[in-house]
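Structure file query_34.txt (compact mmCIF, C-alpha atoms) follows.
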```txt
# COMPACT_ATOMS: atom_id res chain seq x y z
CA MET G 220 19.52 -39.45 -5.35
CA SER G 221 17.94 -36.24 -6.71
CA PHE G 222 19.93 -33.02 -6.94
CA LEU G 223 18.69 -29.43 -6.65
CA TYR G 224 19.58 -27.01 -9.40
CA ARG G 225 19.79 -23.31 -8.53
CA GLN G 226 17.95 -21.46 -11.28
CA GLU G 227 17.21 -17.85 -12.07
CA ILE G 228 13.58 -16.99 -12.78
CA LYS G 229 14.35 -16.17 -16.41
CA SER G 230 15.82 -19.65 -16.99
CA LEU G 231 12.83 -21.65 -15.72
CA GLN G 232 11.30 -24.11 -18.17
CA ASP G 233 8.05 -26.03 -18.13
CA GLY G 234 8.54 -29.48 -16.60
CA THR G 235 11.92 -28.79 -14.94
CA GLN G 236 12.38 -30.95 -11.83
CA ASN G 237 14.12 -30.25 -8.50
CA THR G 238 14.20 -26.49 -8.95
CA PHE G 239 15.84 -24.15 -6.45
CA VAL G 240 14.81 -20.48 -6.82
CA ILE G 241 15.95 -17.59 -4.61
CA GLY G 242 14.24 -14.21 -4.52
CA VAL G 243 12.66 -11.44 -2.48
CA ILE G 244 8.91 -11.30 -1.82
CA ILE G 245 7.44 -8.11 -3.31
CA ILE G 246 3.73 -8.94 -2.93
CA HIS G 247 2.11 -11.05 -0.21
CA LYS G 248 -1.52 -12.22 -0.35
CA GLY G 249 -2.66 -14.78 2.23
CA GLU G 250 -6.10 -16.38 2.26
CA ARG G 251 -6.98 -19.34 4.47
CA SER G 252 -5.82 -22.48 2.62
CA VAL G 253 -3.96 -20.71 -0.19
CA TRP G 254 -1.14 -18.17 -0.06
CA ALA G 255 -0.04 -16.20 -3.10
CA PHE G 256 3.04 -14.02 -3.41
CA THR G 257 5.28 -12.57 -6.09
CA LEU G 258 9.00 -13.40 -6.10
CA ARG G 259 11.73 -11.28 -7.72
CA ASP G 260 15.40 -12.14 -8.33
CA SER G 261 16.62 -9.39 -10.69
CA ASP G 262 15.72 -5.97 -12.08
CA GLU G 263 13.72 -7.54 -14.91
CA ASP G 264 12.52 -10.90 -13.60
CA PHE G 265 9.69 -11.78 -11.23
CA ILE G 266 7.19 -14.62 -10.95
CA ASN G 267 3.96 -15.45 -9.13
CA VAL G 268 3.99 -18.24 -6.53
CA THR G 269 0.95 -20.06 -5.13
CA VAL G 270 1.10 -22.20 -1.99
CA TRP G 271 -1.55 -24.91 -1.47
CA GLY G 272 -2.13 -27.10 1.57
CA SER G 273 -3.93 -27.38 4.86
CA THR G 274 -5.04 -24.23 6.63
CA GLU G 275 -2.37 -24.75 9.30
CA PHE G 276 0.39 -25.21 6.71
CA VAL G 277 -0.56 -22.13 4.70
CA LYS G 278 -1.14 -19.97 7.76
CA LYS G 279 2.26 -20.87 9.23
CA LEU G 280 4.13 -20.02 6.03
CA SER G 281 2.21 -16.81 5.28
CA SER G 282 2.77 -15.55 8.83
CA THR G 283 6.48 -16.43 8.75
CA PHE G 284 7.32 -14.49 5.60
CA THR G 285 6.35 -10.95 4.63
CA ILE G 286 7.10 -8.40 1.94
CA GLY G 287 10.90 -8.01 1.94
CA SER G 288 11.64 -11.58 3.04
CA VAL G 289 14.33 -13.30 0.97
CA VAL G 290 13.34 -16.93 0.51
CA GLU G 291 14.36 -20.16 -1.18
CA VAL G 292 11.59 -21.98 -3.06
CA ILE G 293 12.62 -25.62 -3.44
CA SER G 294 11.09 -28.30 -5.70
CA ALA G 295 8.10 -26.18 -6.72
CA LYS G 296 6.06 -27.24 -9.72
CA ILE G 297 6.51 -25.02 -12.78
CA ALA G 298 3.21 -24.26 -14.52
CA LYS G 299 2.64 -22.44 -17.80
CA ARG G 300 0.52 -19.33 -17.35
CA GLN G 301 -2.64 -19.07 -19.40
CA PRO G 302 -2.99 -15.40 -20.48
CA HIS G 303 -6.71 -15.73 -21.17
CA ASP G 304 -7.50 -17.52 -17.90
CA LYS G 305 -9.86 -15.41 -15.77
CA ASP G 306 -7.62 -16.02 -12.74
CA GLU G 307 -4.89 -13.95 -14.43
CA ARG G 308 -6.97 -10.85 -13.66
CA PHE G 309 -6.37 -11.37 -9.95
CA VAL G 310 -2.56 -11.71 -9.93
CA PRO G 311 0.21 -9.29 -10.91
CA SER G 312 1.35 -9.31 -14.51
CA THR G 313 4.88 -10.73 -14.37
CA SER G 314 7.88 -11.05 -16.68
CA SER G 315 7.86 -14.85 -16.48
CA PRO G 316 5.51 -16.90 -18.68
CA TYR G 317 5.37 -19.42 -15.82
CA SER G 318 4.20 -19.58 -12.23
CA LEU G 319 5.46 -21.66 -9.31
CA ILE G 320 3.13 -24.02 -7.44
CA VAL G 321 4.11 -25.11 -3.92
CA ASN G 322 2.12 -28.07 -2.64
CA GLU G 323 2.28 -29.17 0.99
CA GLY G 324 4.57 -32.19 1.35
CA ALA G 325 6.07 -31.83 -2.12
CA ALA G 326 7.92 -28.50 -1.98
CA VAL G 327 9.62 -26.27 0.60
CA ILE G 328 9.92 -22.55 1.28
CA GLN G 329 12.66 -21.45 3.64
CA CYS G 330 14.59 -18.33 4.61
CA HIS G 331 17.71 -17.43 2.60
CA ASP G 332 20.43 -16.27 5.02
CA ALA G 333 23.48 -16.36 2.73
CA PRO G 334 25.76 -13.32 2.16
CA THR G 335 23.91 -12.71 -1.13
CA ARG G 336 20.73 -11.79 0.74
CA GLN G 337 21.28 -8.02 0.50
CA GLN G 338 21.40 -8.05 -3.30
CA TYR G 339 17.82 -9.31 -3.30
CA VAL G 340 16.64 -6.84 -0.63
CA SER G 341 17.92 -3.96 -2.78
CA LEU G 342 15.38 -4.95 -5.46
CA LEU G 343 12.57 -3.57 -3.27
CA THR G 344 13.39 0.00 -4.34
CA ARG G 345 13.79 -0.77 -8.03
CA PRO G 346 10.62 -0.36 -10.12
CA VAL G 347 9.42 -3.54 -11.86
CA LYS G 348 8.90 -1.50 -15.03
CA SER G 349 9.88 1.91 -16.39
CA VAL G 350 8.27 4.92 -14.69
CA THR G 351 8.56 6.89 -17.93
CA PHE G 352 5.09 5.85 -19.08
CA ALA G 353 3.34 6.49 -15.76
CA LYS G 354 0.23 8.63 -16.16
CA SER G 355 -0.04 11.97 -14.39
CA LEU G 356 -2.93 12.61 -12.03
CA LYS G 357 -3.95 15.60 -14.14
CA ALA G 358 -4.30 13.37 -17.22
CA ILE G 359 -6.40 10.92 -15.20
CA LEU G 360 -8.68 13.59 -13.71
CA ASP G 361 -9.13 15.25 -17.11
CA ASN G 362 -10.16 11.93 -18.66
CA ILE G 363 -11.88 10.26 -15.74
CA GLU G 364 -14.85 9.00 -17.77
CA ALA G 365 -12.59 7.13 -20.20
CA LEU G 366 -10.20 5.84 -17.55
CA CYS G 367 -12.65 4.86 -14.81
CA ASP G 368 -12.22 1.17 -13.90
CA ARG G 369 -9.03 1.01 -15.98
CA PHE G 370 -5.62 0.00 -14.62
CA VAL G 371 -2.82 2.54 -14.82
CA ASP G 372 0.72 3.16 -13.56
CA LEU G 373 1.38 6.23 -11.40
CA LEU G 374 4.33 7.85 -9.64
CA VAL G 375 2.94 9.75 -6.65
CA VAL G 376 3.88 11.25 -3.31
CA VAL G 377 1.99 10.57 -0.09
CA THR G 378 0.48 13.80 1.31
CA PHE G 379 -1.58 12.33 4.15
CA VAL G 380 -1.27 9.19 6.29
CA ALA G 381 -4.25 8.10 8.37
CA ASP G 382 -4.21 5.99 11.48
CA VAL G 383 -5.17 2.31 11.24
CA ARG G 384 -8.91 1.67 11.18
CA ASN G 385 -10.51 -1.60 12.32
CA VAL G 386 -13.45 -2.88 10.29
CA ILE G 387 -15.82 -5.81 10.86
CA THR G 388 -17.15 -7.30 7.63
CA ARG G 389 -20.70 -8.58 7.15
CA ASP G 390 -19.47 -12.16 7.54
CA GLY G 391 -17.82 -11.32 10.87
CA ARG G 392 -14.19 -11.03 9.75
CA ALA G 393 -12.02 -8.44 11.48
CA LEU G 394 -9.97 -6.40 9.01
CA THR G 395 -7.67 -3.41 9.26
CA CYS G 396 -7.18 -0.67 6.71
CA ARG G 397 -5.32 2.61 6.37
CA SER G 398 -6.29 5.63 4.26
CA PHE G 399 -3.96 7.95 2.38
CA GLU G 400 -4.00 10.82 -0.02
CA VAL G 401 -1.47 11.17 -2.82
CA THR G 402 -0.56 13.64 -5.57
CA ASP G 403 2.17 14.17 -8.14
CA GLY G 404 2.46 17.93 -8.65
CA SER G 405 0.66 17.91 -12.00
CA THR G 406 -2.52 19.16 -10.28
CA GLN G 407 -3.49 20.83 -7.01
CA ASN G 408 -5.89 17.98 -6.31
CA THR G 409 -5.10 14.91 -4.24
CA VAL G 410 -6.51 11.42 -4.74
CA SER G 411 -7.50 9.03 -1.96
CA LEU G 412 -6.02 5.57 -1.56
CA VAL G 413 -6.96 2.80 0.88
CA LEU G 414 -4.79 -0.20 1.76
CA TRP G 415 -6.46 -3.38 3.04
CA ASP G 416 -3.61 -5.87 2.80
CA LYS G 417 -2.15 -6.59 6.26
CA ASP G 418 1.47 -6.43 5.10
CA TRP G 419 1.03 -3.06 3.43
CA VAL G 420 -0.99 -1.63 6.31
CA GLU G 421 1.92 -2.44 8.63
CA ARG G 422 4.65 -1.23 6.26
CA SER G 423 2.80 2.02 5.57
CA ALA G 424 3.10 3.00 9.24
CA LEU G 425 6.57 4.28 8.27
CA TRP G 426 5.35 6.38 5.34
CA GLU G 427 5.71 10.15 5.73
CA ALA G 428 3.71 12.96 4.18
CA LYS G 429 5.61 14.74 1.36
CA GLN G 430 8.56 12.34 1.81
CA THR G 431 7.34 8.89 0.73
CA VAL G 432 7.16 8.27 -3.02
CA LEU G 433 5.14 5.36 -4.43
CA PHE G 434 5.29 3.80 -7.86
CA LEU G 435 1.96 2.04 -8.40
CA VAL G 436 1.71 -0.51 -11.20
CA ASP G 437 -1.80 -1.53 -12.26
CA ALA G 438 -3.69 0.62 -9.79
CA ARG G 439 -7.39 0.82 -10.65
CA ILE G 440 -9.01 4.20 -11.23
CA ALA G 441 -12.37 4.42 -9.47
CA TYR G 442 -14.95 7.11 -8.87
CA ASP G 443 -16.47 7.22 -5.41
CA GLU G 444 -20.12 8.11 -5.97
CA TYR G 445 -20.68 8.71 -2.25
CA LYS G 446 -17.78 11.15 -1.85
CA LYS G 447 -18.06 12.45 -5.42
CA LYS G 448 -14.35 12.20 -6.13
CA THR G 449 -11.76 10.06 -7.88
CA ALA G 450 -10.00 7.37 -5.86
CA LEU G 451 -7.27 4.80 -6.41
CA SER G 452 -8.09 1.16 -5.78
CA ILE G 453 -5.35 -1.31 -4.89
CA SER G 454 -6.28 -4.69 -6.34
CA LYS G 455 -4.66 -8.12 -6.18
CA ARG G 456 -2.72 -7.35 -9.34
CA THR G 457 -1.29 -4.04 -8.11
CA LEU G 458 2.46 -3.79 -7.48
CA ILE G 459 3.82 -1.11 -5.16
CA THR G 460 7.41 0.13 -5.06
CA GLU G 461 8.27 2.29 -2.05
CA ASN G 462 10.65 5.21 -2.64
CA PRO G 463 11.80 3.94 -6.06
CA ASP G 464 15.46 4.51 -6.80
CA VAL G 465 14.94 6.62 -9.94
CA PRO G 466 15.57 10.34 -10.69
CA GLN G 467 11.86 10.95 -11.30
CA ALA G 468 11.16 10.18 -7.62
CA THR G 469 13.20 13.20 -6.54
CA SER G 470 11.45 15.41 -9.10
CA VAL G 471 7.93 14.44 -8.08
CA LYS G 472 8.79 14.86 -4.39
CA SER G 473 10.03 18.42 -5.04
CA ALA G 474 6.85 19.22 -6.95
CA VAL G 475 4.57 18.64 -3.94
CA GLN G 476 6.47 20.43 -1.20
CA HIS G 477 4.04 23.38 -1.35
CA HIS G 478 1.23 21.23 0.09
CA GLU G 479 0.47 22.03 3.71
CA SER G 480 1.84 19.23 5.86
CA ASP G 481 -0.87 19.62 8.52
CA THR G 482 -3.83 19.36 6.14
CA ILE G 483 -6.20 16.48 6.82
CA CYS G 484 -7.51 14.49 3.88
CA SER G 485 -10.97 15.00 2.45
CA ASP G 486 -12.31 11.84 4.10
CA PRO G 487 -14.04 13.06 7.31
CA PHE G 488 -13.62 9.61 8.88
CA ALA G 489 -9.85 9.45 8.39
CA VAL G 490 -7.96 10.17 11.61
CA PRO G 491 -4.29 11.06 11.02
CA ASN G 492 -1.58 8.72 12.21
CA PRO G 493 -0.31 10.49 15.40
CA ASP G 494 3.29 9.71 14.42
CA THR G 495 2.93 11.81 11.24
CA VAL G 496 1.69 14.96 12.97
CA THR G 497 4.69 17.23 13.61
CA THR G 498 3.31 20.78 13.45
CA VAL G 499 3.11 22.44 16.90
CA MET G 500 0.69 25.35 17.41
CA THR G 501 -0.67 27.39 20.29
CA ILE G 502 -4.38 27.79 20.91
CA GLN G 503 -4.12 31.36 19.64
CA GLN G 504 -2.51 30.18 16.38
CA VAL G 505 -5.22 27.56 15.91
CA THR G 506 -7.92 30.21 16.46
CA GLU G 507 -6.30 32.62 14.02
CA LYS G 508 -5.99 29.95 11.35
CA LEU G 509 -9.65 29.02 11.71
CA GLN G 510 -10.68 32.67 11.42
CA LYS G 511 -8.42 33.66 8.52
CA LYS G 512 -8.88 30.67 6.22
CA ALA G 513 -11.36 31.48 3.45
CA LEU G 514 -13.70 28.56 2.80
CA ALA G 515 -16.17 27.74 0.08
CA GLU G 516 -19.80 27.25 1.03
CA ASP G 517 -20.40 24.04 3.01
CA GLU G 518 -16.63 23.39 3.21
CA ARG G 519 -15.15 22.40 6.57
CA LEU G 520 -11.56 23.31 7.43
CA GLN G 521 -9.56 20.36 8.71
CA PHE G 522 -5.95 20.27 9.81
CA ALA G 523 -3.83 18.31 12.27
CA THR G 524 -1.54 19.90 14.81
CA ILE G 525 -0.01 19.34 18.21
CA VAL G 526 -1.28 21.64 20.96
CA LYS G 527 0.55 21.39 24.26
CA ALA G 528 -2.08 22.38 26.81
CA SER G 529 -4.03 21.23 29.84
CA VAL G 530 -7.74 20.42 29.62
CA ILE G 531 -9.31 22.49 32.41
CA GLU G 532 -12.96 22.00 31.48
CA ILE G 533 -15.01 20.02 28.95
CA ASN G 534 -18.79 20.11 28.82
CA LEU G 535 -19.90 16.92 27.04
CA ASP G 536 -23.57 17.68 27.77
CA GLY G 537 -23.51 21.19 26.34
CA PRO G 538 -24.20 22.39 22.76
CA LEU G 539 -20.97 21.38 20.98
CA LYS G 540 -22.12 22.67 17.59
CA THR G 541 -18.60 23.18 16.24
CA VAL G 542 -17.22 19.91 17.55
CA VAL G 543 -17.63 16.91 15.26
CA SER G 544 -16.00 14.31 17.50
CA ILE G 545 -13.68 13.92 20.45
CA LYS G 546 -11.35 10.95 20.84
CA TRP G 547 -9.26 10.30 23.94
CA TYR G 548 -6.36 7.86 23.75
CA ALA G 549 -5.63 7.39 27.45
CA PRO G 550 -2.48 5.21 27.16
CA PHE G 551 -0.77 7.93 25.14
CA LYS G 552 -2.64 10.89 26.66
CA ILE G 553 -3.65 12.14 23.23
CA LEU G 554 -6.84 14.13 22.79
CA TYR G 555 -8.31 14.59 19.31
CA ILE G 556 -10.94 17.30 18.90
CA PHE G 557 -12.32 17.62 15.37
CA ILE G 558 -13.98 20.94 14.62
```
Show me this structure written as structure tokens.
Amino acid sequence: MSFLYRQEIKSLQDGTQNTFVIGVIIIHKGERSVWAFTLRDSDEDFINVTVWGSTEFVKKLSSTFTIGSVVEVISAKIAKRQPHDKDERFVPSTSSPYSLIVNEGAAVIQCHDAPTRQQYVSLLTRPVKSVTFAKSLKAILDNIEALCDRFVDLLVVVTFVADVRNVITRDGRALTCRSFEVTDGSTQNTVSLVLWDKDWVERSALWEAKQTVLFLVDARIAYDEYKKKTALSISKRTLITENPDVPQATSVKSAVQHHESDTICSDPFAVPNPDTVTTVMTIQQVTEKLQKKALAEDERLQFATIVKASVIEINLDGPLKTVVSIKWYAPFKILYIFI
């Protein structure tokens, strides 16, 4: 008879048999016949887990568990990480020198429903590393040539949340993404961010402008040649902590409160998430704002607001020179007019 031995991540050793590890999923990456996630069981300790098997097996597991799920990983194979292996570039850098391999038929992943579950859930708001050494956006923008394509840590506040966008890839896959803009108070500029991972796209629906703080570990600095501005790229090695439980989160949130909450991001294709638009204006107030705002040459004023009014006439065949696009969401009776 074989016995299972409950082990903490920090105590794992190469070759240990019948392991039993409990932790919370902090990163979730599912791809066809392989599923990768990162498991955490303490403030300091986290480890990468890879699940191999048939497409049906992997799909069932990856759809059952998400970021925030507390799971038990039973009888996984312990493998020594190879720091110089090229595959290490595509997984988060973890505290453990090992990784866990779950093979179909040889290991099990199941939900952990014991009273200790909450102690693991609380780890979601604790940064995986110190925020003290996070770079400011000003430092990044001032040194963009040196830092472009480098990975950095940032503590930022969300200033804009877009609605979900559906995209069809060249190979016919249907993907969803969500755009954001973030800042940290060190500069007046904001930086764009796009999430493509399904789990994060869904979780980010609850993010609020000027309220949600993000600690990004190993975010890639990129320069968008088309839009001529700096952007943040979330890669497979990036770790995200929502509303980290640290004093610096309160400070950075206070530093961005002067940003206008109804401002739309610089991406002309990003439609705001309707749930994040709270400013209510009259047609007269909208007109006055459009007339009073001083703009640079070729700049287009964009802002999101709620206007409670009845549409009495709309000429779709006429010269709508000031209207960029009109979107009508019939089920919710929402009309977007971009000017």
Fill in: Residue nearest G:Glu323 - candidates G:Trp254, G:Phe379, G:Phe352, G:Phe370, atoms counted: only C-alpha atoms
G:Trp254
Practice prompt. Would you list the contacts of stretch 270-283 of chain G as a PyMOL selection string, taking every protein, DNA or RNA residue within 6 Å and counting only C-alpha atoms, but skipping same-chain residues closer than 6 positions in sequence?
Written response: chain G and resi 251-254+321-323
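Atom CA of G:Val475 sits 10.4 Å away from atom CA of G:Thr409.
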Fill in: Minimum-distance residue to G:Gln467, chosen among G:Asp403, G:Phe256, G:Lys447, G:Val436 (using all atoms listed in the file)
G:Asp403
Worksheet item: If we count all atoms listed in the file, what is near stretch 285-299 of chain G at a cut-off of 10 Å, once residues fewer than 6 positions away on the same chain are taken out, given as an NGL selection string?
Response: :G and (223-225 or 231-248 or 256-260 or 268-270 or 315-322 or 325-333 or 335-343 or 417-419 or 422)
Worksheet item: Distance atom CA of G:Leu458-atom CA of G:Phe399, one decimal place?
Response: 16.6 Å
Worksheet item: Just how far from atom CA of G:Asp464 is atom CA of G:Thr344, in Å to one decimal?
Response: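 So the two atoms, atom CA of G:Thr344 and atom CA of G:Asp464, lie 5.5 Å apart.
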Item to complete: Using only C-alpha atoms, pick whichever of G:Ser423, G:Gln510, G:Ser452, G:Thr395 has the shortest atom-to-atom distance to G:Ser411.
Response: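 Ranked by minimum distance to G:Ser411, first place goes to G:Ser452.
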Practice prompt. Using all atoms listed in the file, pick whichever of G:Val420, G:Val410, G:Val377, G:Val465 has the shortest atom-to-atom distance to G:Ala441.
Written response: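 Smallest separation from G:Ala441 among the options: G:Val410.
Within the 12 Å cut-off around stretch 385-393 of chain G, using all atoms listed in the file and omitting residues fewer than 2 positions from it on the same chain, the listed residues are G:Asp382, G:Val383, G:Thr395, G:Cys396, G:Arg397, G:Ser398, G:Trp415, G:Lys417, G:Val420, G:Ala489.
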Which neighbours of G:Leu435 fall inside 7 Å, counting all atoms listed in the file, when residues of the same chain fewer than 2 positions from it are skipped, and could you give them as a JSON list (two decimals) with C-alpha atoms, in the frame of the given file?
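As written to disk, around.json reads:
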```json
[["chain", "number", "residue", "atom", "x", "y", "z"],
["G", 372, "ASP", "CA", 0.72, 3.16, -13.56],
["G", 373, "LEU", "CA", 1.38, 6.23, -11.40],
["G", 374, "LEU", "CA", 4.33, 7.85, -9.64],
["G", 433, "LEU", "CA", 5.14, 5.36, -4.43],
["G", 437, "ASP", "CA", -1.80, -1.53, -12.26],
["G", 438, "ALA", "CA", -3.69, 0.62, -9.79],
["G", 457, "THR", "CA", -1.29, -4.04, -8.11],
["G", 458, "LEU", "CA", 2.46, -3.79, -7.48],
["G", 459, "ILE", "CA", 3.82, -1.11, -5.16],
["G", 460, "THR", "CA", 7.41, 0.13, -5.06]]
```
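The shortest atom-to-atom distance to G:Leu356, with only C-alpha atoms taken into account, belongs to G:Val471 out of G:Ile502, G:Val471, G:Ala428, G:Val526.
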